[in-house]
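Participant: My structure file model_29.cif, mmCIF, C-alpha atoms, is below:
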data_query
#
loop_
_atom_site.label_atom_id
_atom_site.label_comp_id
_atom_site.auth_asym_id
_atom_site.auth_seq_id
_atom_site.Cartn_x
_atom_site.Cartn_y
_atom_site.Cartn_z
CA MET Z 1 47.62 93.15 -3.00
CA SER Z 2 45.98 89.99 -4.18
CA GLY Z 3 48.32 87.47 -5.67
CA THR Z 4 46.24 87.44 -8.87
CA GLY Z 5 47.29 90.99 -9.72
CA PRO Z 6 49.99 91.97 -12.24
CA THR Z 7 53.57 92.65 -11.33
CA ALA Z 8 55.42 95.85 -12.22
CA GLY Z 9 56.06 96.04 -15.94
CA THR Z 10 53.18 93.69 -16.85
CA SER Z 11 50.56 95.20 -19.15
CA LEU Z 12 47.35 96.05 -17.33
CA TRP Z 13 45.44 94.71 -20.32
CA ARG Z 14 46.58 91.23 -19.22
CA ASP Z 15 45.10 91.72 -15.76
CA ARG Z 16 41.51 90.47 -15.77
CA ARG Z 17 40.73 92.27 -12.53
CA PHE Z 18 41.71 95.65 -13.92
CA CYS Z 19 39.99 94.97 -17.24
CA ARG Z 20 36.72 94.20 -15.45
CA PHE Z 21 36.92 97.41 -13.47
CA TRP Z 22 37.94 99.42 -16.54
CA ALA Z 23 35.02 97.97 -18.53
CA GLY Z 24 32.56 98.86 -15.79
CA GLN Z 25 33.83 102.42 -15.55
CA SER Z 26 33.87 102.81 -19.32
CA VAL Z 27 30.24 101.79 -19.66
CA SER Z 28 29.26 104.02 -16.75
CA GLN Z 29 31.07 107.06 -18.19
CA PHE Z 30 29.18 106.80 -21.47
CA GLY Z 31 25.94 106.50 -19.53
CA ASP Z 32 26.77 109.68 -17.61
CA ARG Z 33 27.02 111.64 -20.85
CA ILE Z 34 23.51 110.50 -21.72
CA THR Z 35 22.05 111.62 -18.39
CA GLU Z 36 23.76 115.01 -18.65
CA LEU Z 37 21.59 115.63 -21.72
CA ALA Z 38 18.44 113.76 -20.71
CA LEU Z 39 17.80 115.12 -17.22
CA PRO Z 40 17.76 118.82 -18.18
CA LEU Z 41 15.69 118.02 -21.29
CA ILE Z 42 13.06 116.32 -19.12
CA ALA Z 43 13.00 119.36 -16.84
CA VAL Z 44 12.61 121.76 -19.77
CA GLY Z 45 10.46 119.68 -22.13
CA ALA Z 46 8.10 117.91 -19.73
CA LEU Z 47 7.98 120.44 -16.90
CA GLY Z 48 8.73 123.78 -18.55
CA ALA Z 49 11.60 124.52 -16.16
CA THR Z 50 13.27 127.92 -16.27
CA ALA Z 51 17.00 128.46 -16.74
CA ASN Z 52 17.36 129.05 -13.00
CA GLN Z 53 15.55 125.81 -12.17
CA VAL Z 54 17.78 123.87 -14.58
CA ALA Z 55 20.82 125.46 -12.95
CA TRP Z 56 19.63 124.11 -9.60
CA LEU Z 57 19.79 120.58 -11.03
CA THR Z 58 23.51 121.07 -11.60
CA ALA Z 59 23.99 122.72 -8.21
CA LEU Z 60 22.27 119.86 -6.36
CA LEU Z 61 24.43 117.33 -8.20
CA TRP Z 62 27.56 118.99 -6.73
CA THR Z 63 26.15 119.81 -3.29
CA PRO Z 64 26.90 116.42 -1.63
CA ASN Z 65 30.61 117.07 -2.18
CA LEU Z 66 30.45 119.63 0.61
CA LEU Z 67 29.94 116.73 3.04
CA ALA Z 68 32.55 114.50 1.39
CA ILE Z 69 35.04 115.14 4.20
CA LEU Z 70 32.64 113.49 6.69
CA LEU Z 71 31.61 110.73 4.31
CA GLY Z 72 35.27 109.93 3.64
CA ALA Z 73 35.90 109.63 7.39
CA TRP Z 74 32.96 107.22 7.64
CA VAL Z 75 34.10 105.17 4.63
CA ASP Z 76 37.56 104.72 6.17
CA GLN Z 77 35.88 102.87 9.06
CA ARG Z 78 34.29 100.36 6.69
CA ALA Z 79 36.21 97.21 5.82
CA ARG Z 80 34.57 96.43 2.46
CA LYS Z 81 35.20 99.36 0.13
CA ARG Z 82 34.24 97.35 -2.94
CA ARG Z 83 30.78 96.70 -1.51
CA LEU Z 84 30.28 100.44 -0.99
CA MET Z 85 31.20 101.09 -4.62
CA VAL Z 86 28.70 98.46 -5.76
CA LEU Z 87 26.06 99.98 -3.45
CA ALA Z 88 26.70 103.43 -4.95
CA ASP Z 89 26.16 102.08 -8.46
CA LEU Z 90 22.95 100.29 -7.44
CA VAL Z 91 21.58 103.44 -5.77
CA ARG Z 92 22.23 105.51 -8.88
CA ALA Z 93 20.56 102.89 -11.07
CA ALA Z 94 17.47 102.73 -8.85
CA VAL Z 95 17.13 106.51 -8.61
CA LEU Z 96 17.42 106.99 -12.37
CA LEU Z 97 14.91 104.20 -13.11
CA GLY Z 98 12.36 106.05 -11.01
CA VAL Z 99 12.21 108.93 -13.51
CA PRO Z 100 10.91 107.04 -16.58
CA VAL Z 101 8.46 105.18 -14.31
CA ALA Z 102 7.13 108.53 -13.04
CA CYS Z 103 6.96 109.86 -16.60
CA LEU Z 104 5.00 106.78 -17.68
CA LEU Z 105 2.51 107.44 -14.87
CA ASP Z 106 2.49 111.16 -15.74
CA ALA Z 107 3.63 111.86 -12.18
CA VAL Z 108 7.12 113.30 -12.68
CA THR Z 109 7.79 116.58 -10.88
CA LEU Z 110 10.63 119.05 -10.65
CA GLY Z 111 11.00 118.08 -7.01
CA GLN Z 112 11.65 114.49 -8.05
CA LEU Z 113 14.34 115.60 -10.48
CA TYR Z 114 15.97 117.62 -7.70
CA VAL Z 115 15.97 114.53 -5.47
CA VAL Z 116 17.42 112.47 -8.33
CA ALA Z 117 20.23 114.98 -8.78
CA LEU Z 118 20.94 115.10 -5.03
CA LEU Z 119 20.92 111.32 -4.50
CA THR Z 120 22.92 110.68 -7.67
CA GLY Z 121 25.51 113.18 -6.50
CA ALA Z 122 25.63 111.65 -3.01
CA ALA Z 123 26.09 108.15 -4.44
CA GLY Z 124 28.86 109.51 -6.64
CA VAL Z 125 30.65 110.91 -3.59
CA LEU Z 126 30.31 107.54 -1.84
CA PHE Z 127 31.83 105.79 -4.86
CA ASN Z 128 34.67 108.31 -5.15
CA THR Z 129 35.64 108.15 -1.48
CA ALA Z 130 35.64 104.33 -1.48
CA TYR Z 131 37.58 104.21 -4.75
CA PRO Z 132 41.13 105.22 -3.63
CA PRO Z 133 41.64 102.28 -1.19
CA PHE Z 134 40.18 99.95 -3.83
CA PHE Z 135 42.48 101.32 -6.54
CA VAL Z 136 45.70 100.69 -4.61
CA ARG Z 137 44.68 97.08 -3.94
CA LEU Z 138 43.96 96.63 -7.64
CA VAL Z 139 46.90 98.36 -9.37
CA PRO Z 140 50.65 98.02 -8.67
CA ARG Z 141 52.37 101.24 -7.63
CA ALA Z 142 54.51 101.37 -10.76
CA SER Z 143 51.34 101.22 -12.91
CA TYR Z 144 49.44 104.09 -11.28
CA VAL Z 145 50.03 106.51 -14.16
CA ASP Z 146 49.24 103.87 -16.77
CA ALA Z 147 46.00 102.87 -15.02
CA ASN Z 148 44.86 106.48 -14.59
CA SER Z 149 45.71 107.12 -18.23
CA LYS Z 150 43.54 104.23 -19.39
CA LEU Z 151 40.63 105.30 -17.19
CA SER Z 152 40.98 108.94 -18.27
CA THR Z 153 41.20 107.94 -21.93
CA THR Z 154 37.82 106.27 -21.72
CA ARG Z 155 36.38 109.26 -19.90
CA SER Z 156 37.67 111.58 -22.62
CA ALA Z 157 36.29 109.30 -25.33
CA SER Z 158 32.90 109.44 -23.64
CA TYR Z 159 32.92 113.23 -24.09
CA VAL Z 160 33.73 112.81 -27.79
CA VAL Z 161 31.15 110.12 -28.60
CA GLY Z 162 28.73 110.26 -25.67
CA PRO Z 163 26.83 113.47 -26.49
CA ALA Z 164 26.24 112.38 -30.09
CA VAL Z 165 25.04 108.93 -29.02
CA GLY Z 166 22.96 110.44 -26.23
CA GLY Z 167 21.37 112.94 -28.59
CA ALA Z 168 20.48 110.19 -31.06
CA LEU Z 169 19.00 108.00 -28.33
CA ILE Z 170 16.94 110.88 -26.96
CA GLN Z 171 15.73 111.64 -30.49
CA VAL Z 172 14.63 108.04 -31.05
CA LEU Z 173 13.61 106.88 -27.56
CA THR Z 174 12.75 110.19 -25.80
CA ALA Z 175 14.67 111.52 -22.80
CA PRO Z 176 12.88 109.54 -20.03
CA VAL Z 177 13.39 106.20 -21.77
CA THR Z 178 17.02 107.07 -22.43
CA LEU Z 179 17.60 107.29 -18.66
CA VAL Z 180 16.92 103.55 -18.57
CA VAL Z 181 20.10 103.13 -20.64
CA ASP Z 182 22.15 105.02 -18.06
CA ALA Z 183 20.59 102.99 -15.24
CA LEU Z 184 21.64 99.83 -17.07
CA THR Z 185 25.22 101.14 -17.31
CA PHE Z 186 25.32 101.53 -13.53
CA LEU Z 187 23.98 98.00 -13.12
CA ALA Z 188 26.73 96.77 -15.46
CA SER Z 189 29.33 98.68 -13.44
CA ALA Z 190 28.00 97.18 -10.19
CA PHE Z 191 28.16 93.68 -11.67
CA LEU Z 192 31.72 94.09 -13.00
CA VAL Z 193 33.11 95.82 -9.89
CA GLY Z 194 31.49 93.15 -7.73
CA ARG Z 195 33.38 90.50 -9.68
CA VAL Z 196 36.81 92.07 -9.08
CA PRO Z 197 38.57 89.94 -6.44
CA ILE Z 198 40.82 92.00 -4.17
CA ASP Z 199 42.27 91.51 -0.70
CA GLU Z 200 40.78 94.15 1.58
CA PRO Z 201 42.48 94.45 4.99
CA PRO Z 202 40.40 95.09 8.11
CA ALA Z 203 39.45 98.74 8.51
CA ASP Z 204 40.92 100.92 11.24
CA ARG Z 205 37.81 101.19 13.41
CA ASP Z 206 37.30 103.84 16.03
CA ALA Z 207 34.14 104.16 18.12
CA GLU Z 208 31.43 105.09 15.64
CA THR Z 209 30.24 108.25 17.32
CA ALA Z 210 29.67 111.72 15.96
CA SER Z 211 32.72 113.07 17.78
CA SER Z 212 34.87 110.24 16.39
CA LEU Z 213 33.64 110.99 12.88
CA TRP Z 214 34.46 114.68 13.20
CA ARG Z 215 37.85 113.86 14.66
CA ARG Z 216 38.69 111.52 11.79
CA ALA Z 217 37.51 114.10 9.28
CA ARG Z 218 39.82 116.68 10.87
CA GLU Z 219 42.67 114.17 10.76
CA GLY Z 220 42.18 113.77 7.02
CA LEU Z 221 42.23 117.52 6.44
CA SER Z 222 45.17 118.00 8.82
CA PHE Z 223 47.14 115.33 6.99
CA VAL Z 224 46.59 117.14 3.69
CA VAL Z 225 47.57 120.51 5.15
CA GLY Z 226 50.69 119.06 6.79
CA HIS Z 227 51.92 117.15 3.74
CA PRO Z 228 54.00 119.28 1.33
CA VAL Z 229 52.92 117.34 -1.76
CA LEU Z 230 49.21 117.10 -0.92
CA ARG Z 231 49.00 120.67 0.36
CA ALA Z 232 50.46 122.05 -2.87
CA ALA Z 233 48.35 119.69 -4.99
CA LEU Z 234 45.07 120.69 -3.33
CA SER Z 235 45.90 124.40 -3.38
CA CYS Z 236 46.75 124.25 -7.07
CA ALA Z 237 43.76 122.08 -8.04
CA ALA Z 238 41.29 124.20 -6.06
CA THR Z 239 42.65 127.42 -7.60
CA VAL Z 240 42.53 126.12 -11.15
CA ASN Z 241 39.02 124.73 -10.60
CA PHE Z 242 37.82 128.03 -9.17
CA PHE Z 243 39.00 129.95 -12.22
CA SER Z 244 37.82 127.29 -14.67
CA PHE Z 245 34.33 127.78 -13.24
CA VAL Z 246 34.76 131.57 -13.42
CA ALA Z 247 35.05 131.03 -17.17
CA GLY Z 248 32.47 128.24 -17.04
CA SER Z 249 31.26 126.38 -20.11
CA GLY Z 250 28.07 128.46 -20.02
CA LEU Z 251 29.91 131.79 -20.21
CA LEU Z 252 32.24 130.45 -22.88
CA VAL Z 253 29.30 129.32 -25.01
CA LEU Z 254 27.62 132.69 -24.50
CA PHE Z 255 30.83 134.48 -25.51
CA ALA Z 256 31.30 132.28 -28.58
CA ASN Z 257 27.74 132.95 -29.70
CA ARG Z 258 27.36 136.66 -28.92
CA SER Z 259 30.89 138.02 -29.17
CA LEU Z 260 32.45 135.68 -31.74
CA GLY Z 261 29.25 135.29 -33.75
CA LEU Z 262 29.51 131.50 -34.01
CA SER Z 263 26.54 129.29 -34.70
CA ALA Z 264 25.50 126.45 -32.42
CA GLY Z 265 26.92 123.99 -34.94
CA ALA Z 266 30.31 125.71 -35.05
CA ILE Z 267 30.46 125.85 -31.25
CA GLY Z 268 29.60 122.16 -31.08
CA VAL Z 269 32.40 121.29 -33.50
CA ALA Z 270 34.87 123.39 -31.48
CA PHE Z 271 33.93 121.60 -28.27
CA GLY Z 272 34.20 118.27 -30.07
CA VAL Z 273 37.74 119.18 -31.12
CA GLY Z 274 38.44 120.03 -27.49
CA ALA Z 275 37.31 116.58 -26.45
CA THR Z 276 39.82 115.03 -28.85
CA GLY Z 277 42.50 117.08 -27.08
CA SER Z 278 41.48 115.45 -23.81
CA LEU Z 279 41.63 112.03 -25.43
CA LEU Z 280 45.12 112.67 -26.81
CA GLY Z 281 46.26 114.04 -23.45
CA ALA Z 282 45.05 110.98 -21.57
CA VAL Z 283 46.79 108.62 -24.00
CA SER Z 284 50.03 110.64 -24.04
CA ALA Z 285 50.32 111.29 -20.29
CA PRO Z 286 52.30 108.12 -19.39
CA LYS Z 287 54.87 108.63 -22.16
CA LEU Z 288 55.28 112.33 -21.40
CA SER Z 289 55.65 111.75 -17.66
CA GLY Z 290 58.14 108.98 -18.35
CA ARG Z 291 60.23 111.31 -20.47
CA PHE Z 292 59.95 114.60 -18.60
CA GLY Z 293 58.93 113.42 -15.11
CA VAL Z 294 55.63 113.22 -13.26
CA GLY Z 295 56.18 116.51 -11.43
CA ARG Z 296 57.08 118.55 -14.50
CA SER Z 297 54.08 117.12 -16.35
CA ILE Z 298 51.82 118.30 -13.52
CA VAL Z 299 53.37 121.78 -13.66
CA VAL Z 300 52.87 122.03 -17.44
CA GLY Z 301 49.31 120.76 -17.16
CA ALA Z 302 48.49 123.29 -14.43
CA VAL Z 303 49.26 126.08 -16.91
CA LEU Z 304 48.06 124.45 -20.13
CA PHE Z 305 44.63 123.63 -18.69
CA PRO Z 306 43.38 127.19 -17.93
CA ALA Z 307 45.62 129.45 -20.06
CA PRO Z 308 44.24 128.63 -23.56
CA VAL Z 309 40.93 130.29 -22.68
CA ALA Z 310 42.83 133.51 -23.43
CA ILE Z 311 43.15 132.40 -27.08
CA ALA Z 312 39.38 132.32 -27.43
CA ALA Z 313 38.98 135.57 -25.48
CA ALA Z 314 41.43 137.36 -27.81
CA ALA Z 315 39.92 135.95 -31.02
CA ASN Z 316 39.06 138.37 -33.80
CA GLY Z 317 39.08 138.56 -37.58
CA PRO Z 318 37.20 136.41 -40.07
CA LEU Z 319 34.72 133.76 -39.01
CA TRP Z 320 37.05 130.82 -39.70
CA LEU Z 321 39.73 132.38 -37.51
CA ARG Z 322 37.33 132.97 -34.62
CA ALA Z 323 36.04 129.40 -34.83
CA GLY Z 324 39.61 128.10 -35.10
CA ALA Z 325 40.65 130.05 -32.03
CA LEU Z 326 37.85 128.52 -29.97
CA ALA Z 327 38.70 125.03 -31.23
CA ALA Z 328 42.41 125.54 -30.50
CA ALA Z 329 41.64 126.81 -27.00
CA GLU Z 330 39.43 123.79 -26.28
CA PHE Z 331 41.96 121.34 -27.73
CA LEU Z 332 44.92 122.70 -25.73
CA SER Z 333 42.87 123.00 -22.56
CA GLY Z 334 41.61 119.44 -22.93
CA PHE Z 335 45.16 118.17 -23.45
CA GLY Z 336 46.37 120.14 -20.43
CA VAL Z 337 43.67 118.96 -18.03
CA MET Z 338 44.46 115.31 -18.79
CA LEU Z 339 48.21 115.86 -18.39
CA PHE Z 340 47.43 117.48 -15.04
CA ASP Z 341 44.81 115.01 -13.79
CA VAL Z 342 46.43 111.71 -14.78
CA ASN Z 343 49.77 112.57 -13.18
CA LEU Z 344 48.41 114.39 -10.13
CA ASN Z 345 45.93 111.63 -9.30
CA SER Z 346 48.72 109.06 -9.57
CA LEU Z 347 51.08 111.12 -7.41
CA GLN Z 348 48.45 111.63 -4.72
CA THR Z 349 47.73 107.91 -4.67
CA SER Z 350 51.42 107.17 -4.11
CA VAL Z 351 51.85 109.38 -1.04
CA ILE Z 352 48.63 108.76 0.93
CA PRO Z 353 48.77 106.03 3.65
CA ASP Z 354 46.25 103.23 3.27
CA GLY Z 355 44.40 104.12 6.46
CA MET Z 356 43.85 107.72 5.31
CA ARG Z 357 42.80 107.30 1.69
CA SER Z 358 39.04 107.83 1.97
CA ARG Z 359 39.43 110.65 4.50
CA VAL Z 360 41.91 112.45 2.26
CA ALA Z 361 39.67 111.89 -0.78
CA GLY Z 362 36.77 113.41 1.18
CA ALA Z 363 38.83 116.42 2.23
CA PHE Z 364 39.95 116.95 -1.37
CA SER Z 365 36.40 116.72 -2.70
CA THR Z 366 35.01 119.15 -0.14
CA VAL Z 367 37.61 121.82 -0.92
CA ASN Z 368 38.23 121.14 -4.60
CA TYR Z 369 34.60 120.77 -5.62
CA GLY Z 370 33.31 123.24 -3.05
CA VAL Z 371 35.03 126.14 -4.83
CA ARG Z 372 33.34 125.37 -8.14
CA PRO Z 373 29.91 126.92 -7.48
CA VAL Z 374 31.69 129.89 -5.86
CA GLY Z 375 33.72 130.34 -9.03
CA ALA Z 376 30.56 130.17 -11.13
CA VAL Z 377 28.90 132.91 -9.05
CA VAL Z 378 32.00 135.11 -9.25
CA GLY Z 379 32.18 134.54 -13.01
CA GLY Z 380 28.59 135.64 -13.48
CA ALA Z 381 29.18 138.78 -11.41
CA LEU Z 382 32.39 139.61 -13.29
CA ALA Z 383 30.71 139.13 -16.67
CA THR Z 384 28.01 141.59 -15.61
CA LEU Z 385 30.53 144.16 -14.37
CA VAL Z 386 33.37 143.99 -16.91
CA GLY Z 387 32.02 141.92 -19.80
CA LEU Z 388 32.53 138.40 -21.11
CA ARG Z 389 35.90 138.91 -22.83
CA ALA Z 390 37.53 140.44 -19.76
CA THR Z 391 36.08 137.71 -17.51
CA LEU Z 392 37.58 134.98 -19.68
CA LEU Z 393 40.97 136.71 -19.60
CA VAL Z 394 40.81 136.94 -15.80
CA ALA Z 395 39.99 133.23 -15.65
CA ALA Z 396 42.90 132.35 -17.95
CA VAL Z 397 45.46 134.40 -16.03
CA GLY Z 398 44.18 133.45 -12.58
CA GLY Z 399 44.05 129.77 -13.48
CA ALA Z 400 47.58 129.79 -14.91
CA LEU Z 401 48.88 131.42 -11.71
CA SER Z 402 47.76 128.32 -9.82
CA VAL Z 403 51.17 126.91 -10.78
CA LEU Z 404 52.71 129.17 -8.12
CA TRP Z 405 51.45 126.72 -5.49
CA LEU Z 406 53.52 123.96 -7.10
CA LEU Z 407 56.86 125.67 -7.73
CA PRO Z 408 58.14 125.84 -4.11
CA SER Z 409 56.83 122.35 -3.33
CA PRO Z 410 58.60 119.00 -3.92
CA ILE Z 411 56.29 118.24 -6.87
CA PRO Z 412 58.37 119.67 -9.77
CA ARG Z 413 61.36 117.55 -8.71
CA ILE Z 414 59.49 114.23 -8.63
CA ARG Z 415 60.54 112.05 -11.55
CA SER Z 416 58.56 108.81 -11.12
CA LEU Z 417 56.36 106.83 -8.77
CA ALA Z 418 58.33 103.57 -8.93
CA SER Z 419 59.00 102.03 -5.53
CA GLY Z 420 62.45 101.92 -4.05
CA GLY Z 421 63.32 105.58 -4.38
CA THR Z 422 63.37 108.39 -1.84
CA ALA Z 423 61.30 111.47 -1.35
CA ASP Z 424 60.93 114.31 1.08
CA THR Z 425 57.54 113.28 2.41
CA PRO Z 426 56.35 113.66 6.01
CA GLU Z 427 55.55 110.72 8.19
CA ASP Z 428 51.98 109.61 8.42
CA ALA Z 429 49.92 109.43 11.57
CA ASP Z 430 51.44 106.09 12.51
CA GLY Z 431 55.02 107.27 12.02
CA ASP Z 432 55.43 105.31 8.79
CA SER Z 433 57.47 107.22 6.22
CA ARG Z 434 56.24 106.46 2.72
CA PRO Z 435 59.08 106.58 0.13
CA MET Z 436 58.58 107.86 -3.37
CA SER Z 437 61.05 107.93 -6.28
CA ARG Z 438 62.48 111.22 -7.40
#
Hey, can you dump this file as structure tokens for me?
Facilitator:
Amino acid sequence: MSGTGPTAGTSLWRDRRFCRFWAGQSVSQFGDRITELALPLIAVGALGATANQVAWLTALLWTPNLLAILLGAWVDQRARKRRLMVLADLVRAAVLLGVPVACLLDAVTLGQLYVVALLTGAAGVLFNTAYPPFFVRLVPRASYVDANSKLSTTRSASYVVGPAVGGALIQVLTAPVTLVVDALTFLASAFLVGRVPIDEPPADRDAETASSLWRRAREGLSFVVGHPVLRAALSCAATVNFFSFVAGSGLLVLFANRSLGLSAGAIGVAFGVGATGSLLGAVSAPKLSGRFGVGRSIVVGAVLFPAPVAIAAAANGPLWLRAGALAAAEFLSGFGVMLFDVNLNSLQTSVIPDGMRSRVAGAFSTVNYGVRPVGAVVGGALATLVGLRATLLVAAVGGALSVLWLLPSPIPRIRSLASGGTADTPEDADGDSRPMSR
């Protein structure tokens, strides 16, 4: 790591490099919340898109993740990960700026919006696969949980404040013009990330052929499958993501409106309360993991994330009780997902060898995000066959059972990520055993 970085025990707020990166990501996260509102509104308002066509916008945004395993293998061959992250931000800014220009010329089409969603998603995958090697050069090992907590806190805050700010901007500026704001956030992120000085070692380059790329992609997936911590982590995360998409925010909103009889305003308040749960979870994760252990925090989060949906599904009685049940479910679920994500992301970072980080990130994205649209399709079919309430209960129980992947693994026994300890981790491809505190 660069000599300008902090040492263990030093506050990350005193590290200018981390603060620059954190600021860039914070601005970008708030911009994302704006686009999540603006892009569908352009499709519906300017182009009269149907519900199915709007759904395709979301699908195309996730589709590039199916190729993340190959992109991660390619990124691992590149020496300058930071430059790839800056490139990803610049691509997203350029693509988004094209929409208001097309609207100004009265030339925007649904096809263009589909391309925007696809390219934005692809640039996001590029950024996310280049990010892990960058992160470990930026943050000391002992500060992984703290750094992920700070980044997740901002992300959670963006879900609390972002939709309200985005809605106000769209109301005042119109949706196409508001996309300019998000493009500017990506430009700010590119500028700040580009100004973070880190020491990047030469990449491990193989012959850049198609066969080499496939071989490296397989190596990344094989490493995950052969590693007891990563195998359990991916199995658990993919299972909980599958069932969270079985419930899906769309089905939950539909259930809250039709079955619980809640107004749009009441549903919005309940989801806002849920976002505060995520914020509290992100802030509390380091203290909780320090007291109870990283592994136990992951186990609790794996249950607390999906299970509270059952509270909403079982809601009955007066209106205030039904609204309270939905708010409680969202709050607990938001707290649980941050407890799960902050600690699991930090643990994964600590056990992956430097030469495998982008490949492993690609393998994770392909599997973990690939199950999401499948879960959504299954959820829609279940809701048609057995009803909304039963589907939500299936999602809650199935998601909570994802913890069974963790229990026989080493994860529950891991106490901390501080260097100098021992752990039962396999050797990497180069025969280098990577220790981890227990």
Participant: Rank Z:Gly277, Z:Gly24, Z:Gly362, Z:Gly261 by their smallest atom-to-atom distance to Z:Leu71, using only C-alpha atoms, and report the top residue only.
Facilitator: Z:Gly362
Participant: Hey, can you check how far atom CA of Z:Gly272 sits from atom CA of Z:Ala327?
Facilitator: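 Here the two named atoms are 8.2 Å from each other.
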Participant: Of the candidates Z:Leu87, Z:Leu67, Z:Ala237, Z:Val108, which shows the shortest atom-to-atom distance to Z:Leu406, using only C-alpha atoms?
Facilitator: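 Ranked by minimum distance to Z:Leu406, first place goes to Z:Ala237.
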Participant: Convert the output of the PyMOL selection byres ((chain Z and resi 123-135) around 7) on the shown file into explicit residues, formatted as a PyMOL selection string.
Facilitator: chain Z and resi 64-65+68+72+75+81-82+84-85+88+91-92+119-122+136-139+354+357-358+361-362
Participant: Quick one: distance from atom CA of Z:Thr174 to atom CA of Z:Ala38 in Å, one decimal?
Facilitator: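 Pair atom CA of Z:Thr174 / atom CA of Z:Ala38 returns 8.4 Å.
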Participant: Can you measure atom CA of Z:Asp76 to atom CA of Z:Leu344 for me? One decimal in Å is fine.
Facilitator: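 Taking atom CA of Z:Asp76 and atom CA of Z:Leu344, their separation equals 21.8 Å.
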Participant: Could you list, as a ChimeraX atom specification, every residue within 12 Å of Z:Gly248, counting only C-alpha atoms and ignoring same-chain residues fewer than 5 positions away?
Facilitator: /Z:240-243,253-255,306,309,372-380,382-383,388,391-392,395-396
Participant: Can you list what the PyMOL selection byres ((chain Z and resi 345) around 12) grabs from this structure, as a PyMOL selection string?
Facilitator: chain Z and resi 132+135-136+144-149+151-152+229-230+233-234+237+285+294-295+298+337-344+346-352+361+364+417
Participant: Go ahead and write the residues just picked, C-alpha atoms, as an mmCIF file, keeping the file's coordinate frame.
Facilitator:
data_model
loop_
_atom_site.group_PDB
_atom_site.id
_atom_site.type_symbol
_atom_site.label_atom_id
_atom_site.label_comp_id
_atom_site.auth_asym_id
_atom_site.auth_seq_id
_atom_site.Cartn_x
_atom_site.Cartn_y
_atom_site.Cartn_z
ATOM 1 C CA PRO Z 132 41.130 105.220 -3.630
ATOM 2 C CA PHE Z 135 42.480 101.320 -6.540
ATOM 3 C CA VAL Z 136 45.700 100.690 -4.610
ATOM 4 C CA TYR Z 144 49.440 104.090 -11.280
ATOM 5 C CA VAL Z 145 50.030 106.510 -14.160
ATOM 6 C CA ASP Z 146 49.240 103.870 -16.770
ATOM 7 C CA ALA Z 147 46.000 102.870 -15.020
ATOM 8 C CA ASN Z 148 44.860 106.480 -14.590
ATOM 9 C CA SER Z 149 45.710 107.120 -18.230
ATOM 10 C CA LEU Z 151 40.630 105.300 -17.190
ATOM 11 C CA SER Z 152 40.980 108.940 -18.270
ATOM 12 C CA VAL Z 229 52.920 117.340 -1.760
ATOM 13 C CA LEU Z 230 49.210 117.100 -0.920
ATOM 14 C CA ALA Z 233 48.350 119.690 -4.990
ATOM 15 C CA LEU Z 234 45.070 120.690 -3.330
ATOM 16 C CA ALA Z 237 43.760 122.080 -8.040
ATOM 17 C CA ALA Z 285 50.320 111.290 -20.290
ATOM 18 C CA VAL Z 294 55.630 113.220 -13.260
ATOM 19 C CA GLY Z 295 56.180 116.510 -11.430
ATOM 20 C CA ILE Z 298 51.820 118.300 -13.520
ATOM 21 C CA VAL Z 337 43.670 118.960 -18.030
ATOM 22 C CA MET Z 338 44.460 115.310 -18.790
ATOM 23 C CA LEU Z 339 48.210 115.860 -18.390
ATOM 24 C CA PHE Z 340 47.430 117.480 -15.040
ATOM 25 C CA ASP Z 341 44.810 115.010 -13.790
ATOM 26 C CA VAL Z 342 46.430 111.710 -14.780
ATOM 27 C CA ASN Z 343 49.770 112.570 -13.180
ATOM 28 C CA LEU Z 344 48.410 114.390 -10.130
ATOM 29 C CA SER Z 346 48.720 109.060 -9.570
ATOM 30 C CA LEU Z 347 51.080 111.120 -7.410
ATOM 31 C CA GLN Z 348 48.450 111.630 -4.720
ATOM 32 C CA THR Z 349 47.730 107.910 -4.670
ATOM 33 C CA SER Z 350 51.420 107.170 -4.110
ATOM 34 C CA VAL Z 351 51.850 109.380 -1.040
ATOM 35 C CA ILE Z 352 48.630 108.760 0.930
ATOM 36 C CA ALA Z 361 39.670 111.890 -0.780
ATOM 37 C CA PHE Z 364 39.950 116.950 -1.370
ATOM 38 C CA LEU Z 417 56.360 106.830 -8.770
#
Participant: Which one of Z:Pro353, Z:Gly334, Z:Gly166, Z:Gly194 sits closest to Z:Leu90 if you count only C-alpha atoms?
Facilitator: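 So, comparing all the options, the nearest one is Z:Gly194.
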Participant: Please work out which residues fall within 7 Å of (32.7, 136.2, -34.3), coordinates as given in the file, with only C-alpha atoms counting, and return them as a short mmCIF file (atom, residue, chain, number, x, y, z; two decimals) with C-alpha atoms, in the frame of the given file.
Facilitator:
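Saved result, result.cif, follows:
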data_model
loop_
_atom_site.label_atom_id
_atom_site.label_comp_id
_atom_site.auth_asym_id
_atom_site.auth_seq_id
_atom_site.Cartn_x
_atom_site.Cartn_y
_atom_site.Cartn_z
CA SER Z 259 30.89 138.02 -29.17
CA LEU Z 260 32.45 135.68 -31.74
CA GLY Z 261 29.25 135.29 -33.75
CA LEU Z 262 29.51 131.50 -34.01
CA ASN Z 316 39.06 138.37 -33.80
CA LEU Z 319 34.72 133.76 -39.01
CA ARG Z 322 37.33 132.97 -34.62
#
Participant: Excluding same-chain residues fewer than 6 positions from stretch 96-100 of chain Z, what lies within 7 Å of it counting only C-alpha atoms, as a PyMOL selection string?
Facilitator: chain Z and resi 108+116+176-177+179-180+183
Participant: For Z:Val196, which residue among Z:Ala107, Z:Arg16, Z:Gly48, Z:Leu41 is the nearest when counting only C-alpha atoms?
Facilitator: Z:Arg16
